[in-house]
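*Asks:* Contents of work12.txt (compact mmCIF, C-alpha atoms) are given next:
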# COMPACT_ATOMS: atom_id res chain seq x y z
CA MET A 23 114.27 39.17 61.10
CA ILE A 24 113.58 42.84 60.52
CA SER A 25 112.36 44.52 63.68
CA ARG A 26 109.98 47.43 64.00
CA ARG A 27 112.68 49.37 65.85
CA ASN A 28 115.23 48.96 63.04
CA PHE A 29 112.61 50.08 60.54
CA LEU A 30 111.62 53.17 62.52
CA LYS A 31 115.25 54.16 63.06
CA SER A 32 115.39 55.17 59.42
CA ALA A 33 112.23 57.31 59.81
CA ALA A 34 110.68 55.02 57.23
CA ALA A 35 112.49 54.18 54.08
CA SER A 36 112.51 55.65 50.63
CA THR A 37 111.21 53.84 47.58
CA THR A 38 112.69 56.28 45.08
CA ALA A 39 116.20 56.45 43.68
CA THR A 40 118.44 59.41 44.45
CA PRO A 41 120.08 61.40 41.64
CA LEU A 42 123.44 59.87 42.68
CA ALA A 43 122.11 56.37 42.12
CA GLN A 44 120.52 57.37 38.84
CA HIS A 45 123.82 58.84 37.58
CA ALA A 46 125.83 55.85 38.83
CA SER A 47 123.81 53.56 36.57
CA ALA A 48 120.33 52.18 36.15
CA ASP A 49 121.96 48.80 35.64
CA HIS A 50 123.50 47.10 38.68
CA ASP A 51 126.16 45.26 36.63
CA THR A 52 127.59 48.56 35.39
CA TYR A 53 127.40 49.89 38.93
CA LEU A 54 129.40 46.92 40.21
CA LYS A 55 131.98 47.22 37.42
CA ARG A 56 132.65 50.77 38.57
CA GLY A 57 133.98 49.40 41.87
CA ASN A 58 130.82 49.63 43.99
CA LYS A 59 130.37 46.49 46.05
CA HIS A 60 127.35 47.34 48.17
CA PRO A 61 123.57 47.34 47.69
CA LEU A 62 121.70 50.56 47.18
CA ARG A 63 120.22 51.43 50.57
CA ALA A 64 116.88 53.10 51.13
CA GLU A 65 117.04 56.62 52.48
CA PRO A 66 114.67 58.23 54.98
CA ARG A 67 111.54 59.75 53.54
CA ARG A 68 108.60 61.59 54.93
CA ARG A 69 105.51 59.53 55.69
CA THR A 70 101.92 60.67 55.27
CA ILE A 71 99.09 59.24 57.35
CA TYR A 72 95.51 59.14 56.10
CA SER A 73 92.23 58.12 57.70
CA LYS A 74 89.16 56.07 56.85
CA PRO A 75 86.06 55.13 58.87
CA ALA A 76 86.83 52.41 61.43
CA PRO A 77 84.49 49.39 61.70
CA ASP A 78 83.31 50.36 65.21
CA GLY A 79 83.29 54.12 64.74
CA GLY A 80 86.00 56.75 64.73
CA LEU A 81 88.79 56.88 62.16
CA ARG A 82 91.30 54.15 61.36
CA LEU A 83 94.69 55.64 60.49
CA TYR A 84 97.00 54.20 57.83
CA SER A 85 100.21 55.24 56.11
CA ASP A 86 101.03 55.97 52.49
CA GLY A 87 102.82 52.63 52.19
CA SER A 88 101.76 50.12 49.55
CA PRO A 89 98.49 48.34 50.49
CA ASP A 90 99.86 45.17 48.87
CA PRO A 91 103.28 43.60 49.34
CA ARG A 92 105.76 44.75 46.72
CA PRO A 93 108.08 42.33 44.87
CA LEU A 94 111.47 41.50 46.38
CA ILE A 95 114.80 40.48 44.84
CA ARG A 96 115.60 36.77 44.85
CA THR A 97 118.23 35.73 47.40
CA GLN A 98 120.47 34.03 44.83
CA VAL A 99 120.42 37.15 42.65
CA LEU A 100 121.44 39.36 45.59
CA GLU A 101 124.21 36.96 46.59
CA ARG A 102 125.54 36.80 43.03
CA ALA A 103 125.70 40.61 42.95
CA PHE A 104 126.86 41.41 46.49
CA GLY A 105 128.06 38.24 48.19
CA LYS A 106 126.69 35.47 50.35
CA GLY A 107 124.55 36.49 53.33
CA VAL A 108 123.91 40.03 52.07
CA GLU A 109 120.13 39.59 52.36
CA GLN A 110 120.44 39.43 56.16
CA SER A 111 121.54 43.07 56.19
CA LEU A 112 118.81 44.39 53.90
CA LEU A 113 115.44 45.88 54.76
CA GLN A 114 112.57 45.37 52.33
CA PRO A 115 112.71 49.07 51.33
CA ASP A 116 116.32 48.45 50.24
CA HIS A 117 114.94 45.87 47.80
CA TRP A 118 112.31 48.34 46.58
CA ARG A 119 114.81 51.11 46.07
CA MET A 120 117.11 48.92 43.97
CA ILE A 121 114.10 47.74 41.95
CA ASP A 122 112.93 51.33 41.43
CA ALA A 123 116.46 52.23 40.31
CA ARG A 124 116.16 49.37 37.76
CA TRP A 125 119.07 47.39 39.10
CA PHE A 126 116.92 44.25 39.15
CA GLU A 127 113.82 43.29 37.20
CA GLY A 128 111.83 40.47 35.61
CA ASP A 129 112.84 36.97 36.71
CA GLU A 130 115.27 38.44 39.26
CA LEU A 131 112.23 39.37 41.38
CA PHE A 132 109.55 37.39 43.15
CA GLU A 133 106.07 38.26 44.43
CA LEU A 134 105.05 37.72 48.05
CA ASN A 135 102.22 35.32 47.23
CA ASP A 136 102.95 32.91 50.09
CA VAL A 137 101.25 34.39 53.15
CA THR A 138 103.08 31.84 55.33
CA SER A 139 106.54 33.06 54.28
CA TRP A 140 108.77 35.04 56.62
CA GLN A 141 109.09 37.78 53.98
CA TYR A 142 105.32 38.26 53.96
CA ALA A 143 105.29 38.31 57.77
CA VAL A 144 107.93 41.05 57.76
CA TRP A 145 105.92 43.13 55.29
CA LYS A 146 102.70 42.66 57.26
CA ALA A 147 104.38 43.53 60.56
CA ASN A 148 106.31 46.60 59.43
CA TYR A 149 105.13 47.96 56.10
CA HIS A 150 101.41 47.25 55.89
CA PRO A 151 99.81 50.73 55.92
CA GLU A 152 97.82 50.19 59.13
CA CYS A 153 100.75 48.62 60.99
CA GLU A 154 103.07 51.36 59.80
CA ALA A 155 100.71 54.10 61.04
CA HIS A 156 100.36 52.29 64.38
CA ASP A 157 104.13 52.10 64.82
CA LEU A 158 104.84 55.67 63.73
CA LEU A 159 102.21 57.13 66.04
CA TYR A 160 103.08 54.77 68.91
CA ASP A 161 106.51 56.36 69.04
CA PHE A 162 104.90 59.76 69.63
CA PHE A 163 101.79 58.87 71.63
CA GLY A 164 102.39 55.41 73.09
CA LYS A 165 103.85 56.52 76.42
CA GLY A 166 101.91 54.79 79.16
CA VAL A 167 100.08 52.55 76.70
CA PHE A 168 100.73 48.94 77.62
CA PRO A 169 102.13 46.53 74.99
CA GLY A 170 99.33 45.02 72.96
CA GLY A 171 96.99 47.97 73.19
CA GLY A 172 95.59 50.91 75.09
CA ILE A 173 94.28 54.43 74.70
CA ASN A 174 96.13 57.71 74.64
CA LYS A 175 93.55 59.88 76.38
CA ASP A 176 95.08 63.18 75.28
CA TYR A 177 94.08 62.53 71.66
CA ASN A 178 91.66 59.58 71.99
CA LEU A 179 94.01 57.31 70.06
CA ALA A 180 93.32 53.59 70.54
CA PHE A 181 96.35 51.38 69.87
CA SER A 182 95.78 47.69 69.31
CA GLU A 183 97.95 44.71 68.39
CA HIS A 184 95.58 42.03 67.23
CA PRO A 185 96.18 38.42 68.33
CA CYS A 186 97.17 36.99 64.98
CA THR A 187 100.17 35.82 62.99
CA PRO A 188 101.59 37.59 61.12
CA ARG A 189 101.38 40.64 63.36
CA PHE A 190 98.62 43.12 62.65
CA ALA A 191 98.45 46.40 64.57
CA THR A 192 96.06 49.32 64.25
CA VAL A 193 95.57 52.81 65.62
CA THR A 194 92.10 54.37 65.70
CA LEU A 195 91.14 57.95 66.45
CA LEU A 196 88.05 57.32 68.58
CA ASN A 197 86.71 60.87 68.25
CA GLU A 198 87.04 61.98 64.64
CA HIS A 199 86.53 65.61 65.68
CA ARG A 200 89.98 65.45 67.33
CA LEU A 201 91.70 64.95 63.96
CA PRO A 202 92.66 68.65 63.51
CA ASP A 203 94.21 68.60 67.01
CA LEU A 204 96.20 65.48 66.13
CA VAL A 205 97.35 67.03 62.85
CA ALA A 206 98.54 70.15 64.67
CA ARG A 207 100.38 68.12 67.34
CA ILE A 208 102.20 65.95 64.80
CA THR A 209 103.21 69.10 62.91
CA ASP A 210 104.75 70.43 66.13
CA LEU A 211 106.55 67.15 66.90
CA THR A 212 108.17 66.18 63.61
CA GLU A 213 108.70 67.10 59.98
CA TRP A 214 109.00 63.42 58.99
CA VAL A 215 105.36 62.47 59.53
CA SER A 216 102.24 64.36 58.48
CA ILE A 217 98.55 63.58 58.75
CA GLU A 218 96.13 64.50 56.01
CA ILE A 219 92.56 65.42 56.90
CA GLY A 220 90.30 63.30 54.74
CA ASP A 221 90.92 60.06 52.92
CA GLY A 222 93.50 60.67 50.26
CA ARG A 223 93.99 57.11 49.06
CA LEU A 224 91.01 54.77 49.31
Represent the structure contained in this file as structure tokens.
*Replies:*
Amino acid sequence: MISRRNFLKSAAASTTATPLAQHASADHDTYLKRGNKHPLRAEPRRRTIYSKPAPDGGLRLYSDGSPDPRPLIRTQVLERAFGKGVEQSLLQPDHWRMIDARWFEGDELFELNDVTSWQYAVWKANYHPECEAHDLLYDFFGKGVFPGGGINKDYNLAFSEHPCTPRFATVTLLNEHRLPDLVARITDLTEWVSIEIGDGRL
């Protein structure tokens, strides 16, 4: 199964094709005929975090990831293209990048309609916008916060992993007036994550 740690190692994955992939071929069969035997991997990309009012006050933070699960490539299609067992080495963003590069489309894809499937659980745990924001910010501000939840008192960030399956985690800025301070601190810490003041998506 895809772990949060493996996901974060890549600083969050790209959903856009690189110029190299575009020049190689938009069609995966042509790509394979040219001697390439490996899937197109997602590359790191910058993540943006937005905010919205939280149910109990403050601001709930969420990433610029898709609010709904994106389609994935069928296992038999991947194995036909790259060999048996290849799916075990792929992250969901790898699927998305190959789809965006138009290597796979139509009946080669499937939607995550089954909320009991392991693929849906992986998306909910790692790529759901609220979980993704929780995990990104936990790496910077989770020191001393016990697993399952807690508050970073420096920035009034409340981390919570809700008791449900699939996993659902949230991070809430308890005092919305601290948002400019949080934005400034993240800017100092990394160029891979930014926080926008105001709700840019919902």
*Asks:* When you look at His60 of chain A with a cut-off of 9 Å (counting only C-alpha atoms), what residues show up, excluding the ones that are within fewer than 3 positions of it in the same chain? I need them as a PyMOL selection string.
*Replies:* chain A and resi 54+63+103-104+108
*Asks:* Counting only C-alpha atoms, which of A:Pro151, A:Arg124, A:Lys175, A:Thr187 gets nearest to Lys74 of chain A?
*Replies:* A:Pro151
*Asks:* Choose the residue, out of A:Tyr84, A:Arg67, A:Met120, A:Glu130, that has the smallest atom-to-atom separation from Thr97 of chain A; count only C-alpha atoms.
*Replies:*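 Among the listed residues, the smallest separation from Thr97 of chain A belongs to A:Glu130.
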*Asks:* Can you write out as JSON lines which residues of segment 49-135 of chain A fall within 9 Å of segment 141-146 of chain A, alongside each residue's closest atom pair and its distance in Å to one decimal, counting all atoms listed in the file and ordering rows by chain and ascending residue number?
*Replies:*
{"residue": "A:Pro91", "atom": "CA", "partner": "A:Trp145", "partner_atom": "CA", "distance": 6.5}
{"residue": "A:Arg92", "atom": "CA", "partner": "A:Trp145", "partner_atom": "CA", "distance": 8.7}
{"residue": "A:Leu94", "atom": "CA", "partner": "A:Gln141", "partner_atom": "CA", "distance": 8.8}
{"residue": "A:Gln114", "atom": "CA", "partner": "A:Trp145", "partner_atom": "CA", "distance": 7.6}
{"residue": "A:Leu134", "atom": "CA", "partner": "A:Tyr142", "partner_atom": "CA", "distance": 5.9}
{"residue": "A:Asn135", "atom": "CA", "partner": "A:Tyr142", "partner_atom": "CA", "distance": 8.0}
*Asks:* Excluding segment 147-150 of chain A and residues on its chain fewer than 3 positions from it, collect all residues at most 7 Å away from it, counting all atoms listed in the file, and give them as an MDAnalysis selection string.
*Replies:* chainID A and resid 26 87:89 143:144 153:154 188:190
*Asks:* Leaving out segment 165-168 of chain A and any residue of its chain fewer than 4 positions from it, which residues lie within 12 Å of it when counting only C-alpha atoms, given as a PyMOL selection string?
*Replies:* chain A and resi 159-161+172-176+178-183+193
*Asks:* Just want the 10 Å neighbourhood of Arg207 of chain A, counted on all atoms listed in the file, with same-chain residues fewer than 3 positions away dropped. Output as a PyMOL selection string.
*Replies:* chain A and resi 162+177+201-204+210-212+216-217
*Asks:* Between A:Ile95, A:Leu62, A:Leu83, A:Ala76, single out the one closest to Ile219 of chain A, counting only C-alpha atoms.
*Replies:*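 Using only C-alpha atoms, Ile219 of chain A sits closest to A:Leu83.
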*Asks:* So that all listed atoms of segment 66-84 of chain A fit with 6 Å spare on each side, what axis-aligned box centre and edge lengths in Å, to one decimal, would you give as JSON?
*Replies:*
{"center_x": 99.0, "center_y": 55.5, "center_z": 59.4, "size_x": 43.4, "size_y": 24.2, "size_z": 23.7}
*Asks:* Hey, what's within 10 Å of Gly79 of chain A if we count all atoms listed in the file and toss same-chain stuff fewer than 3 positions away? As a PyMOL selection string, please?
*Replies:* chain A and resi 75-76+82+194-198
*Asks:* Could you tell me how far atom CA of Leu81 of chain A lies from atom CA of Val215 of chain A, in Å and to one decimal?
*Replies:*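 Computing the Euclidean distance for atom CA of Leu81 of chain A and atom CA of Val215 of chain A yields 17.7 Å.
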*Asks:* Report, in Å to a single decimal, how far apart atom CA of Leu131 of chain A and atom CA of Val99 of chain A are.
*Replies:*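 Taking atom CA of Val99 of chain A as the start and atom CA of Leu131 of chain A as the end point, the length is 8.6 Å.
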